[in-house]
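Source file: final_28.txt. Holds: compact mmCIF, C-alpha atoms.
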# COMPACT_ATOMS: atom_id res chain seq x y z
CA MET A 28 -18.72 -31.67 29.56
CA LYS A 29 -16.08 -29.32 31.08
CA LYS A 30 -13.67 -30.09 28.24
CA ILE A 31 -16.31 -29.26 25.62
CA PHE A 32 -17.14 -26.01 27.43
CA VAL A 33 -13.49 -24.97 27.51
CA ILE A 34 -13.04 -25.66 23.80
CA VAL A 35 -16.16 -23.69 22.90
CA PHE A 36 -15.10 -20.83 25.21
CA VAL A 37 -11.61 -20.60 23.66
CA PHE A 38 -13.11 -20.75 20.16
CA LEU A 39 -15.49 -17.89 20.94
CA ILE A 40 -12.64 -15.78 22.32
CA GLY A 41 -10.74 -16.36 19.07
CA VAL A 42 -13.73 -15.40 16.94
CA SER A 43 -14.26 -12.27 19.04
CA PHE A 44 -10.60 -11.29 18.60
CA ILE A 45 -10.73 -11.75 14.84
CA SER A 46 -13.95 -9.80 14.41
CA SER A 47 -12.67 -6.94 16.58
CA LEU A 48 -9.55 -6.28 14.49
CA ASP A 49 -9.68 -3.06 12.49
CA ALA A 50 -7.36 -0.36 11.17
CA GLN A 51 -6.83 0.99 14.69
CA ASP A 52 -5.05 -2.24 15.63
CA PHE A 53 -2.33 -1.46 13.08
CA LYS A 54 -0.09 1.51 13.83
CA VAL A 55 1.25 3.24 10.71
CA LYS A 56 4.35 5.46 10.68
CA LYS A 57 5.76 7.29 7.68
CA TYR A 58 9.38 8.44 7.53
CA SER A 59 10.78 10.88 4.98
CA ILE A 60 13.97 9.19 3.79
CA GLY A 61 15.09 10.97 0.63
CA GLY A 62 18.00 9.67 -1.40
CA ASP A 63 18.39 8.90 -5.08
CA GLY A 64 16.73 6.24 -7.16
CA GLY A 65 13.39 4.57 -7.71
CA THR A 66 12.43 1.29 -6.09
CA ASP A 67 11.04 -2.19 -6.69
CA TYR A 68 11.27 -4.85 -3.95
CA LEU A 69 12.35 -4.62 -0.33
CA THR A 70 13.35 -7.35 2.12
CA ALA A 71 13.12 -7.47 5.93
CA GLU A 72 15.76 -9.37 7.88
CA PRO A 73 13.78 -11.36 10.49
CA GLY A 74 14.16 -10.14 14.05
CA THR A 75 16.77 -7.41 13.45
CA SER A 76 14.56 -4.55 12.17
CA ARG A 77 16.97 -4.10 9.23
CA VAL A 78 15.19 -3.52 5.92
CA PHE A 79 16.94 -3.77 2.53
CA VAL A 80 15.41 -1.43 -0.08
CA SER A 81 16.19 -1.37 -3.82
CA ARG A 82 16.98 2.16 -5.04
CA GLY A 83 17.70 1.81 -8.74
CA THR A 84 21.52 1.86 -8.65
CA HIS A 85 22.11 0.88 -5.03
CA VAL A 86 20.49 -0.87 -2.08
CA MET A 87 19.63 1.24 0.95
CA VAL A 88 19.58 -0.45 4.37
CA LEU A 89 17.16 1.09 6.86
CA ASP A 90 16.51 0.77 10.58
CA GLY A 91 12.86 -0.30 10.76
CA ILE A 92 12.44 1.07 14.29
CA LYS A 93 13.98 4.51 13.85
CA GLY A 94 13.28 4.99 10.14
CA THR A 95 16.87 5.96 9.42
CA VAL A 96 19.50 4.93 6.89
CA ILE A 97 22.15 2.66 8.44
CA GLY A 98 23.97 1.29 5.39
CA ASP A 99 24.24 1.07 1.63
CA ILE A 100 25.27 -1.46 -1.01
CA PRO A 101 26.57 0.41 -4.09
CA ASN A 102 26.77 -0.30 -7.81
CA THR A 103 23.64 -2.44 -8.34
CA PRO A 104 22.43 -1.18 -11.76
CA ARG A 105 18.63 -1.32 -12.11
CA VAL A 106 18.35 -3.44 -8.99
CA HIS A 107 15.03 -5.21 -8.43
CA GLY A 108 15.21 -7.48 -5.39
CA ILE A 109 17.24 -8.63 -2.42
CA ALA A 110 17.45 -12.09 -0.82
CA LEU A 111 19.24 -13.19 2.35
CA ALA A 112 20.77 -16.65 2.85
CA PRO A 113 21.47 -16.87 6.61
CA LYS A 114 23.34 -20.20 6.52
CA SER A 115 26.12 -18.71 4.40
CA ASN A 116 25.78 -15.14 5.73
CA HIS A 117 25.46 -14.02 2.11
CA GLY A 118 22.94 -11.67 0.59
CA PHE A 119 22.17 -11.22 -3.11
CA THR A 120 20.67 -8.54 -5.35
CA THR A 121 19.25 -8.89 -8.86
CA ASN A 122 20.77 -6.24 -11.13
CA GLY A 123 18.73 -5.97 -14.32
CA GLY A 124 20.97 -3.28 -15.80
CA ASP A 125 23.92 -5.58 -16.48
CA SER A 126 22.36 -9.01 -15.80
CA THR A 127 24.40 -9.70 -12.68
CA ILE A 128 23.74 -10.62 -9.09
CA THR A 129 25.73 -8.95 -6.33
CA MET A 130 26.85 -11.19 -3.46
CA PHE A 131 27.43 -9.34 -0.18
CA ASP A 132 28.17 -10.09 3.47
CA ILE A 133 24.89 -9.80 5.39
CA LYS A 134 26.51 -8.52 8.59
CA THR A 135 29.02 -6.01 7.19
CA LEU A 136 27.32 -5.28 3.79
CA GLU A 137 30.71 -5.71 2.11
CA VAL A 138 30.37 -6.58 -1.59
CA LEU A 139 32.03 -9.95 -2.20
CA LYS A 140 31.54 -10.51 -5.92
CA ARG A 141 29.32 -9.91 -8.94
CA ILE A 142 28.08 -12.96 -10.87
CA LYS A 143 26.89 -12.84 -14.48
CA ILE A 144 23.51 -14.49 -15.19
CA PRO A 145 23.37 -15.40 -18.90
CA THR A 146 19.57 -15.60 -19.20
CA GLY A 147 19.09 -11.88 -18.59
CA GLY A 148 15.84 -10.21 -17.49
CA LEU A 149 16.66 -10.38 -13.78
CA ASP A 150 13.77 -9.43 -11.52
CA GLY A 151 12.50 -11.51 -8.58
CA ILE A 152 14.70 -13.27 -6.04
CA MET A 153 14.15 -15.46 -2.95
CA TYR A 154 15.98 -17.90 -0.68
CA ASP A 155 14.83 -21.53 -0.47
CA ASP A 156 15.84 -22.92 2.91
CA PHE A 157 15.05 -26.53 1.92
CA SER A 158 17.53 -26.75 -0.95
CA ASP A 159 19.76 -23.94 0.42
CA GLN A 160 19.57 -22.11 -2.91
CA ILE A 161 18.93 -18.60 -4.13
CA ILE A 162 16.13 -18.67 -6.71
CA LEU A 163 15.96 -16.00 -9.44
CA THR A 164 12.81 -15.40 -11.52
CA ASN A 165 13.79 -13.74 -14.77
CA HIS A 166 11.84 -11.83 -17.43
CA SER A 167 13.80 -13.53 -20.19
CA ARG A 168 12.56 -15.16 -23.40
CA PRO A 169 11.47 -17.69 -22.35
CA GLY A 170 11.10 -16.77 -18.69
CA THR A 171 13.37 -18.71 -16.39
CA ALA A 172 13.87 -19.71 -12.79
CA VAL A 173 17.59 -19.97 -12.03
CA ALA A 174 19.09 -21.62 -8.93
CA VAL A 175 22.32 -20.27 -7.41
CA ASP A 176 24.52 -21.75 -4.67
CA PRO A 177 24.56 -19.08 -1.93
CA ASN A 178 27.99 -20.17 -0.70
CA THR A 179 29.82 -19.69 -3.99
CA GLY A 180 27.46 -17.81 -6.30
CA THR A 181 27.63 -20.67 -8.81
CA ILE A 182 24.60 -21.34 -11.02
CA THR A 183 23.33 -24.84 -10.15
CA GLY A 184 20.18 -25.22 -12.25
CA LYS A 185 17.62 -23.60 -14.51
CA ALA A 186 13.95 -24.14 -15.35
CA GLU A 187 12.32 -22.74 -18.48
CA LEU A 188 8.87 -21.32 -17.72
CA GLU A 189 5.74 -20.85 -19.82
CA ASP A 190 5.70 -17.08 -19.39
CA ASN A 191 8.12 -14.25 -20.22
CA ALA A 192 7.15 -12.43 -17.03
CA PRO A 193 7.52 -14.71 -13.99
CA GLU A 194 7.16 -12.73 -10.79
CA GLY A 195 7.35 -13.92 -7.19
CA ALA A 196 8.44 -17.36 -6.00
CA ALA A 197 7.82 -19.25 -2.76
CA SER A 198 9.00 -22.54 -1.23
CA ASP A 199 7.01 -25.17 0.65
CA GLY A 200 10.13 -26.11 2.64
CA LYS A 201 9.84 -29.70 1.41
CA GLY A 202 11.26 -29.56 -2.10
CA LYS A 203 8.76 -27.66 -4.22
CA LEU A 204 8.88 -24.11 -5.52
CA PHE A 205 5.87 -22.13 -6.72
CA VAL A 206 6.26 -19.32 -9.29
CA ASN A 207 3.61 -16.79 -10.30
CA ASN A 208 3.38 -16.07 -14.04
CA GLU A 209 1.96 -12.59 -14.48
CA GLY A 210 1.29 -12.81 -18.22
CA LYS A 211 -0.27 -16.28 -18.35
CA GLY A 212 -2.11 -15.96 -15.04
CA THR A 213 -0.73 -19.26 -13.72
CA ILE A 214 1.36 -20.79 -10.97
CA GLN A 215 4.05 -23.25 -12.03
CA VAL A 216 5.36 -25.90 -9.65
CA ILE A 217 9.10 -26.68 -9.77
CA ASP A 218 11.17 -29.43 -8.15
CA ALA A 219 13.74 -27.47 -6.13
CA LYS A 220 16.49 -30.07 -6.51
CA THR A 221 16.18 -30.88 -10.22
CA MET A 222 14.65 -27.53 -11.31
CA LYS A 223 12.14 -29.44 -13.44
CA VAL A 224 8.65 -28.03 -13.95
CA LEU A 225 6.07 -30.39 -12.43
CA ALA A 226 2.74 -28.64 -13.04
CA SER A 227 0.97 -25.47 -14.15
CA TRP A 228 -2.20 -24.23 -12.45
CA PRO A 229 -4.57 -21.53 -13.79
CA LEU A 230 -5.45 -18.76 -11.32
CA ASN A 231 -8.58 -17.19 -12.82
CA PRO A 232 -10.12 -14.90 -11.45
CA CYS A 233 -6.74 -13.84 -10.00
CA GLU A 234 -5.39 -12.01 -13.07
CA GLY A 235 -1.79 -10.92 -13.43
CA PRO A 236 -0.44 -12.67 -10.31
CA THR A 237 2.69 -11.05 -8.86
CA GLY A 238 3.25 -11.38 -5.10
CA ILE A 239 3.25 -14.83 -3.54
CA ALA A 240 3.60 -16.45 -0.11
CA TYR A 241 3.24 -19.99 1.23
CA ASP A 242 1.61 -21.14 4.47
CA ARG A 243 3.55 -24.22 5.57
CA ALA A 244 1.17 -25.09 8.39
CA MET A 245 -1.94 -25.26 6.20
CA ASN A 246 -0.34 -26.08 2.81
CA ARG A 247 -1.83 -23.01 1.17
CA ILE A 248 -0.40 -20.61 -1.42
CA PHE A 249 -1.37 -16.94 -1.45
CA ALA A 250 -1.22 -15.27 -4.89
CA GLY A 251 -1.48 -11.48 -4.97
CA CYS A 252 -3.38 -9.86 -7.84
CA SER A 253 -5.01 -6.50 -8.49
CA LYS A 254 -8.62 -6.38 -7.21
CA THR A 255 -8.85 -10.11 -6.44
CA SER A 256 -6.16 -12.29 -4.86
CA ALA A 257 -6.38 -16.07 -4.49
CA VAL A 258 -5.70 -18.85 -1.99
CA ILE A 259 -4.60 -22.13 -3.58
CA ASP A 260 -4.50 -25.64 -2.13
CA ALA A 261 -0.86 -26.60 -2.75
CA ALA A 262 -1.74 -30.30 -2.91
CA THR A 263 -4.30 -29.98 -5.72
CA GLY A 264 -3.72 -26.60 -7.37
CA LYS A 265 -7.36 -25.63 -6.81
CA ILE A 266 -8.41 -22.15 -5.72
CA VAL A 267 -10.16 -22.50 -2.35
CA ALA A 268 -10.80 -18.82 -1.58
CA THR A 269 -10.58 -15.36 -3.12
CA ILE A 270 -9.75 -12.07 -1.40
CA PRO A 271 -10.89 -8.57 -2.46
CA ASN A 272 -8.13 -5.95 -2.41
CA GLY A 273 -6.97 -2.81 -4.16
CA GLU A 274 -5.41 -2.23 -7.59
CA GLY A 275 -1.72 -2.17 -8.42
CA VAL A 276 -0.42 -5.14 -6.43
CA ASP A 277 3.21 -6.20 -6.95
CA ALA A 278 4.05 -8.18 -3.79
CA LEU A 279 2.42 -9.89 -0.84
CA GLY A 280 3.40 -10.36 2.80
CA TRP A 281 2.58 -13.20 5.22
CA ASP A 282 2.94 -13.38 8.99
CA PRO A 283 2.38 -17.07 9.86
CA SER A 284 2.10 -16.79 13.66
CA GLU A 285 -0.37 -13.89 13.43
CA LYS A 286 -2.09 -15.54 10.42
CA LEU A 287 -2.17 -12.21 8.62
CA ILE A 288 -1.76 -11.53 4.91
CA TYR A 289 -0.70 -8.04 3.78
CA ILE A 290 -1.65 -7.03 0.22
CA PRO A 291 -0.32 -3.63 -0.94
CA ALA A 292 -2.05 -1.70 -3.73
CA GLY A 293 -0.13 1.16 -5.32
CA ARG A 294 -2.99 2.61 -7.34
CA ASP A 295 -5.30 3.22 -4.39
CA SER A 296 -2.59 3.86 -1.76
CA SER A 297 -3.60 1.07 0.58
CA VAL A 298 -2.67 -2.21 2.22
CA THR A 299 -5.47 -4.75 2.67
CA ILE A 300 -4.85 -6.87 5.78
CA VAL A 301 -6.49 -10.29 5.82
CA HIS A 302 -6.84 -12.86 8.61
CA GLN A 303 -6.74 -16.60 7.93
CA ASP A 304 -9.75 -17.88 9.90
CA SER A 305 -9.25 -21.44 8.62
CA PRO A 306 -7.37 -22.98 5.67
CA ASP A 307 -10.18 -22.05 3.27
CA LYS A 308 -11.73 -19.01 4.98
CA TYR A 309 -10.28 -15.48 5.02
CA SER A 310 -11.56 -12.20 6.45
CA VAL A 311 -10.48 -8.68 5.60
CA VAL A 312 -9.77 -7.14 9.02
CA ALA A 313 -8.30 -3.76 8.05
CA LYS A 314 -7.40 -1.50 5.16
CA VAL A 315 -4.68 1.02 5.99
CA THR A 316 -3.67 4.05 3.94
CA THR A 317 -0.11 4.32 2.56
CA ILE A 318 0.94 6.55 -0.35
CA SER A 319 0.39 6.44 -4.10
CA GLY A 320 2.58 3.89 -5.87
CA ALA A 321 3.50 1.80 -2.82
CA LYS A 322 2.96 -1.67 -4.33
CA THR A 323 5.62 -3.90 -2.77
CA ILE A 324 5.92 -4.99 0.85
CA ALA A 325 8.10 -6.99 3.24
CA VAL A 326 6.94 -8.57 6.50
CA ASP A 327 9.12 -9.42 9.48
CA PRO A 328 7.38 -12.45 11.08
CA VAL A 329 9.41 -12.08 14.29
CA THR A 330 8.51 -8.47 15.12
CA HIS A 331 5.14 -8.63 13.31
CA THR A 332 5.96 -5.55 11.29
CA ALA A 333 5.26 -4.77 7.63
CA TYR A 334 7.36 -2.34 5.59
CA LEU A 335 6.79 -0.42 2.35
CA PHE A 336 8.93 2.10 0.49
CA GLN A 337 7.96 4.56 -2.22
CA PRO A 338 9.72 7.46 -3.95
CA VAL A 339 7.81 10.60 -4.96
CA TYR A 340 8.43 11.86 -8.49
CA GLY A 341 8.35 15.38 -9.84
CA GLN A 342 6.95 16.40 -13.22
CA ALA A 343 8.50 14.66 -16.21
CA PRO A 344 10.17 16.83 -18.87
CA ALA A 345 7.92 17.61 -21.83
CA ASP A 346 10.21 15.74 -24.24
CA ALA A 347 10.65 12.64 -22.02
CA ALA A 348 9.92 9.33 -23.75
CA ALA A 349 8.07 6.38 -22.27
CA THR A 350 10.14 3.30 -21.41
CA GLY A 351 8.86 -0.25 -21.33
CA GLY A 352 5.34 0.90 -22.16
CA ARG A 353 5.23 3.08 -19.03
CA ARG A 354 4.67 6.82 -18.81
CA PRO A 355 7.84 8.88 -18.31
CA ARG A 356 8.72 9.85 -14.77
CA GLY A 357 10.21 13.03 -13.47
CA PRO A 358 13.08 13.26 -11.00
CA VAL A 359 12.82 11.76 -7.53
CA ILE A 360 11.91 14.63 -5.19
CA GLY A 361 11.26 12.59 -2.06
CA ALA A 362 10.93 9.07 -0.68
CA TYR A 363 8.91 7.57 2.14
CA PHE A 364 9.47 4.53 4.34
CA ILE A 365 6.19 3.20 5.73
CA VAL A 366 6.00 0.94 8.80
CA ILE A 367 2.87 -0.98 9.79
CA LYS A 368 3.04 -2.50 13.26
CA HIS A 369 0.48 -4.94 14.64

Represent the structure contained in this file as structure tokens.
Amino acid sequence: MKKIFVIVFVFLIGVSFISSLDAQDFKVKKYSIGGDGGTDYLTAEPGTSRVFVSRGTHVMVLDGIKGTVIGDIPNTPRVHGIALAPKSNHGFTTNGGDSTITMFDIKTLEVLKRIKIPTGGLDGIMYDDFSDQIILTNHSRPGTAVAVDPNTGTITGKAELEDNAPEGAASDGKGKLFVNNEGKGTIQVIDAKTMKVLASWPLNPCEGPTGIAYDRAMNRIFAGCSKTSAVIDAATGKIVATIPNGEGVDALGWDPSEKLIYIPAGRDSSVTIVHQDSPDKYSVVAKVTTISGAKTIAVDPVTHTAYLFQPVYGQAPADAAATGGRRPRGPVIGAYFIVIKH
């Protein structure tokens, strides 16, 4: 009887903690950073408070505690993302402007080499610890996932995807990769060693999936979409839960020990924070305000801190032309680094 009582008591404490979380439990700081260039993805180095931020033609390295610039990686034309491979002490950037990846020393930030990627369309990038590979997701025709040896920068494999706009990728740590296809609204499953496509799963009502994360403890995939994100059983491909969030999502963060999902929405200047109550049950515990356009995010699972970065643009010239179907932007007149601490 005592054992049952203890279990029930601990459970009730957990439920009380979950239900009591709100925006006040998440401290938000905004730092005016400045500097040139737009942005896409950012990456947090676990446990060090260093944050790597794409800035159009260079990568800015920030101190996540002080909100200051502590380093820079130059000459990364139209850079999109940054990935860190700790085993080799090498970091990589995806440079869409000249279809190269930059290899750099993680500790010193020294540029080691630039590697040409023939497929083109470089965008997303991540490190797979299981296969010890850098994985690129490219907006090529067709879309591709390209594997790179982080020790040498050599291309080791390629998978052709069903969509021209693959976005984020995640690893299960056991040999499978999951890639979100924004155009088709699917997740494709890839064998990390052979780079062969194993399956394709529809994500409706999660339309235009971009950000992605994987929960290794519960075997669940989190797919970030505007308005409605999805939780997928990685064993079956079935959607087991949906999550309401804001519009303009382009990334997703996951803190496994806190069981918190962070979903940024650039159009309504917010981050929806969600708690995993069980593998198939999720509760929105807070919605914090950021700034307009902040749609990508990085989470440090060691310090339990989430980071966003967003430039502020001035008025576009009257004769400016749209690029890539997007409205023209004016010059960068400011930039803000946003820190959310739980």

*In Å to one decimal, how far is CA of Val267 in chain A from CA of Ala226 in chain A?*
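Going from CA of Ala226 in chain A over to CA of Val267 in chain A, I get 17.8 Å.
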
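Proximity ranking of A:Ser319, A:Thr95, A:Thr129, A:Thr330 relative to Pro73 in chain A places A:Thr330 first, based on only C-alpha atoms.
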
*Between A:Thr181, A:Thr84, A:Gln303, A:Thr70, which is the closest to Lys286 in chain A once you count all atoms listed in the file?*
A:Gln303

Find the axis-aligned box for range 212-218 of chain A, covering all its listed atoms and adding 8 Å on each side, and write its centre and edge lengths in Å to one decimal as JSON.
{"center_x": 4.5, "center_y": -22.7, "center_z": -11.6, "size_x": 29.3, "size_y": 29.5, "size_z": 22.9}

*Test item: residues at most 9 Å from range 102-119 of chain A, only C-alpha atoms, excluding those fewer than 3 positions along its chain, as a count of residues only*: 43

*CA of Gly74 in chain A and CA of Val276 in chain A, how far apart in Å?*
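Atom-to-atom, CA of Val276 in chain A and CA of Gly74 in chain A are spaced 25.6 Å apart.
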
*d(CA of Val315 in chain A, CA of Val339 in chain A) in Å*: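 These atoms are spaced 19.2 Å apart.
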
_I need the residue nearest Pro232 in chain A from this list: A:Lys56, A:Lys140, A:Lys254, A:Lys185. Use all atoms listed in the file for the distance._
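When distances to Pro232 in chain A are compared using all atoms listed in the file, the smallest one comes from A:Lys254.
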
*asked:* Taking 4 positions as the minimum chain separation for residues in the same chain, which residues sit within 8 Å of range 199-211 of chain A when counting all atoms listed in the file? Answer as number ranges by chain.
replied: A: 155-158, 164, 189-195, 215-220, 234-239, 241-243, 246, 250

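Proximity to Ala278 in chain A was assessed for A:Ala261, A:His369, A:Thr323, A:Ala244 counting only C-alpha atoms; the smallest distance is recorded for A:Thr323.
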
_So that I can see what lies close to Thr146 in chain A, please list as a PyMOL selection string the residues with an atom at most 10 Å from it, counting only C-alpha atoms and leaving out residues fewer than 4 positions away in the same chain._
chain A and resi 126+165-173+185

_Nearest residue to Asp49 in chain A from the set A:Lys93, A:His302, A:Lys223, A:Arg141 (distances using only C-alpha atoms)_ =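 Nearest to Asp49 in chain A: A:His302.
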
*From the list A:Gly65, A:Gly184, A:Leu89, A:Val224, which residue is nearest Ala321 in chain A when using all atoms listed in the file?*
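Selected residue with least distance to Ala321 in chain A: A:Gly65.
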
Taking N, CA and C atoms as the atom set, what does range 52-76 of chain A look like once completed, written as a PDB file, keeping the file's coordinate frame?
ATOM      1  N   ASP A  52      -5.956  -1.261  15.046  1.00  0.00           N
ATOM      2  CA  ASP A  52      -5.050  -2.240  15.630  1.00  0.00           C
ATOM      3  C   ASP A  52      -3.704  -2.280  14.928  1.00  0.00           C
ATOM      4  N   PHE A  53      -3.565  -1.499  13.851  1.00  0.00           N
ATOM      5  CA  PHE A  53      -2.330  -1.460  13.080  1.00  0.00           C
ATOM      6  C   PHE A  53      -1.808  -0.023  13.080  1.00  0.00           C
ATOM      7  N   LYS A  54      -0.672   0.184  13.716  1.00  0.00           N
ATOM      8  CA  LYS A  54      -0.090   1.510  13.830  1.00  0.00           C
ATOM      9  C   LYS A  54       0.786   1.778  12.599  1.00  0.00           C
ATOM     10  N   VAL A  55       0.532   2.899  11.931  1.00  0.00           N
ATOM     11  CA  VAL A  55       1.250   3.240  10.710  1.00  0.00           C
ATOM     12  C   VAL A  55       2.132   4.462  10.947  1.00  0.00           C
ATOM     13  N   LYS A  56       3.418   4.332  10.615  1.00  0.00           N
ATOM     14  CA  LYS A  56       4.350   5.460  10.680  1.00  0.00           C
ATOM     15  C   LYS A  56       4.954   5.674   9.306  1.00  0.00           C
ATOM     16  N   LYS A  57       5.154   6.933   8.952  1.00  0.00           N
ATOM     17  CA  LYS A  57       5.760   7.290   7.680  1.00  0.00           C
ATOM     18  C   LYS A  57       6.996   8.142   7.941  1.00  0.00           C
ATOM     19  N   TYR A  58       8.127   7.732   7.356  1.00  0.00           N
ATOM     20  CA  TYR A  58       9.380   8.440   7.530  1.00  0.00           C
ATOM     21  C   TYR A  58       9.839   9.004   6.187  1.00  0.00           C
ATOM     22  N   SER A  59      10.215  10.268   6.178  1.00  0.00           N
ATOM     23  CA  SER A  59      10.780  10.880   4.980  1.00  0.00           C
ATOM     24  C   SER A  59      12.258  10.498   4.917  1.00  0.00           C
ATOM     25  N   ILE A  60      12.630   9.750   3.880  1.00  0.00           N
ATOM     26  CA  ILE A  60      13.970   9.190   3.790  1.00  0.00           C
ATOM     27  C   ILE A  60      14.853   9.954   2.814  1.00  0.00           C
ATOM     28  N   GLY A  61      14.295  10.305   1.654  1.00  0.00           N
ATOM     29  CA  GLY A  61      15.090  10.970   0.630  1.00  0.00           C
ATOM     30  C   GLY A  61      16.016   9.996  -0.070  1.00  0.00           C
ATOM     31  N   GLY A  62      17.051  10.503  -0.670  1.00  0.00           N
ATOM     32  CA  GLY A  62      18.000   9.670  -1.400  1.00  0.00           C
ATOM     33  C   GLY A  62      17.626   9.517  -2.852  1.00  0.00           C
ATOM     34  N   ASP A  63      18.573   9.035  -3.632  1.00  0.00           N
ATOM     35  CA  ASP A  63      18.390   8.900  -5.080  1.00  0.00           C
ATOM     36  C   ASP A  63      17.858   7.533  -5.443  1.00  0.00           C
ATOM     37  N   GLY A  64      17.136   7.496  -6.567  1.00  0.00           N
ATOM     38  CA  GLY A  64      16.730   6.240  -7.160  1.00  0.00           C
ATOM     39  C   GLY A  64      15.290   5.855  -6.888  1.00  0.00           C
ATOM     40  N   GLY A  65      14.732   5.114  -7.856  1.00  0.00           N
ATOM     41  CA  GLY A  65      13.390   4.570  -7.710  1.00  0.00           C
ATOM     42  C   GLY A  65      13.418   3.358  -6.801  1.00  0.00           C
ATOM     43  N   THR A  66      12.444   2.475  -6.946  1.00  0.00           N
ATOM     44  CA  THR A  66      12.430   1.290  -6.090  1.00  0.00           C
ATOM     45  C   THR A  66      11.652   0.171  -6.769  1.00  0.00           C
ATOM     46  N   ASP A  67      11.862  -1.041  -6.297  1.00  0.00           N
ATOM     47  CA  ASP A  67      11.040  -2.190  -6.690  1.00  0.00           C
ATOM     48  C   ASP A  67      10.747  -2.983  -5.422  1.00  0.00           C
ATOM     49  N   TYR A  68      11.536  -4.024  -5.130  1.00  0.00           N
ATOM     50  CA  TYR A  68      11.270  -4.850  -3.950  1.00  0.00           C
ATOM     51  C   TYR A  68      12.075  -4.378  -2.733  1.00  0.00           C
ATOM     52  N   LEU A  69      11.603  -4.794  -1.568  1.00  0.00           N
ATOM     53  CA  LEU A  69      12.350  -4.620  -0.330  1.00  0.00           C
ATOM     54  C   LEU A  69      12.265  -5.909   0.470  1.00  0.00           C
ATOM     55  N   THR A  70      13.249  -6.115   1.344  1.00  0.00           N
ATOM     56  CA  THR A  70      13.350  -7.350   2.120  1.00  0.00           C
ATOM     57  C   THR A  70      13.642  -7.025   3.577  1.00  0.00           C
ATOM     58  N   ALA A  71      12.902  -7.652   4.486  1.00  0.00           N
ATOM     59  CA  ALA A  71      13.120  -7.470   5.930  1.00  0.00           C
ATOM     60  C   ALA A  71      13.931  -8.636   6.467  1.00  0.00           C
ATOM     61  N   GLU A  72      14.984  -8.327   7.215  1.00  0.00           N
ATOM     62  CA  GLU A  72      15.760  -9.370   7.880  1.00  0.00           C
ATOM     63  C   GLU A  72      15.053  -9.736   9.184  1.00  0.00           C
ATOM     64  N   PRO A  73      14.605 -10.989   9.337  1.00  0.00           N
ATOM     65  CA  PRO A  73      13.780 -11.360  10.490  1.00  0.00           C
ATOM     66  C   PRO A  73      14.451 -11.074  11.830  1.00  0.00           C
ATOM     67  N   GLY A  74      13.724 -10.349  12.687  1.00  0.00           N
ATOM     68  CA  GLY A  74      14.160 -10.140  14.050  1.00  0.00           C
ATOM     69  C   GLY A  74      15.164  -9.039  14.297  1.00  0.00           C
ATOM     70  N   THR A  75      15.723  -8.424  13.244  1.00  0.00           N
ATOM     71  CA  THR A  75      16.770  -7.410  13.450  1.00  0.00           C
ATOM     72  C   THR A  75      16.285  -5.990  13.181  1.00  0.00           C
ATOM     73  N   SER A  76      15.117  -5.855  12.574  1.00  0.00           N
ATOM     74  CA  SER A  76      14.560  -4.550  12.170  1.00  0.00           C
ATOM     75  C   SER A  76      15.370  -3.900  11.046  1.00  0.00           C
TER      76      SER A  76
END
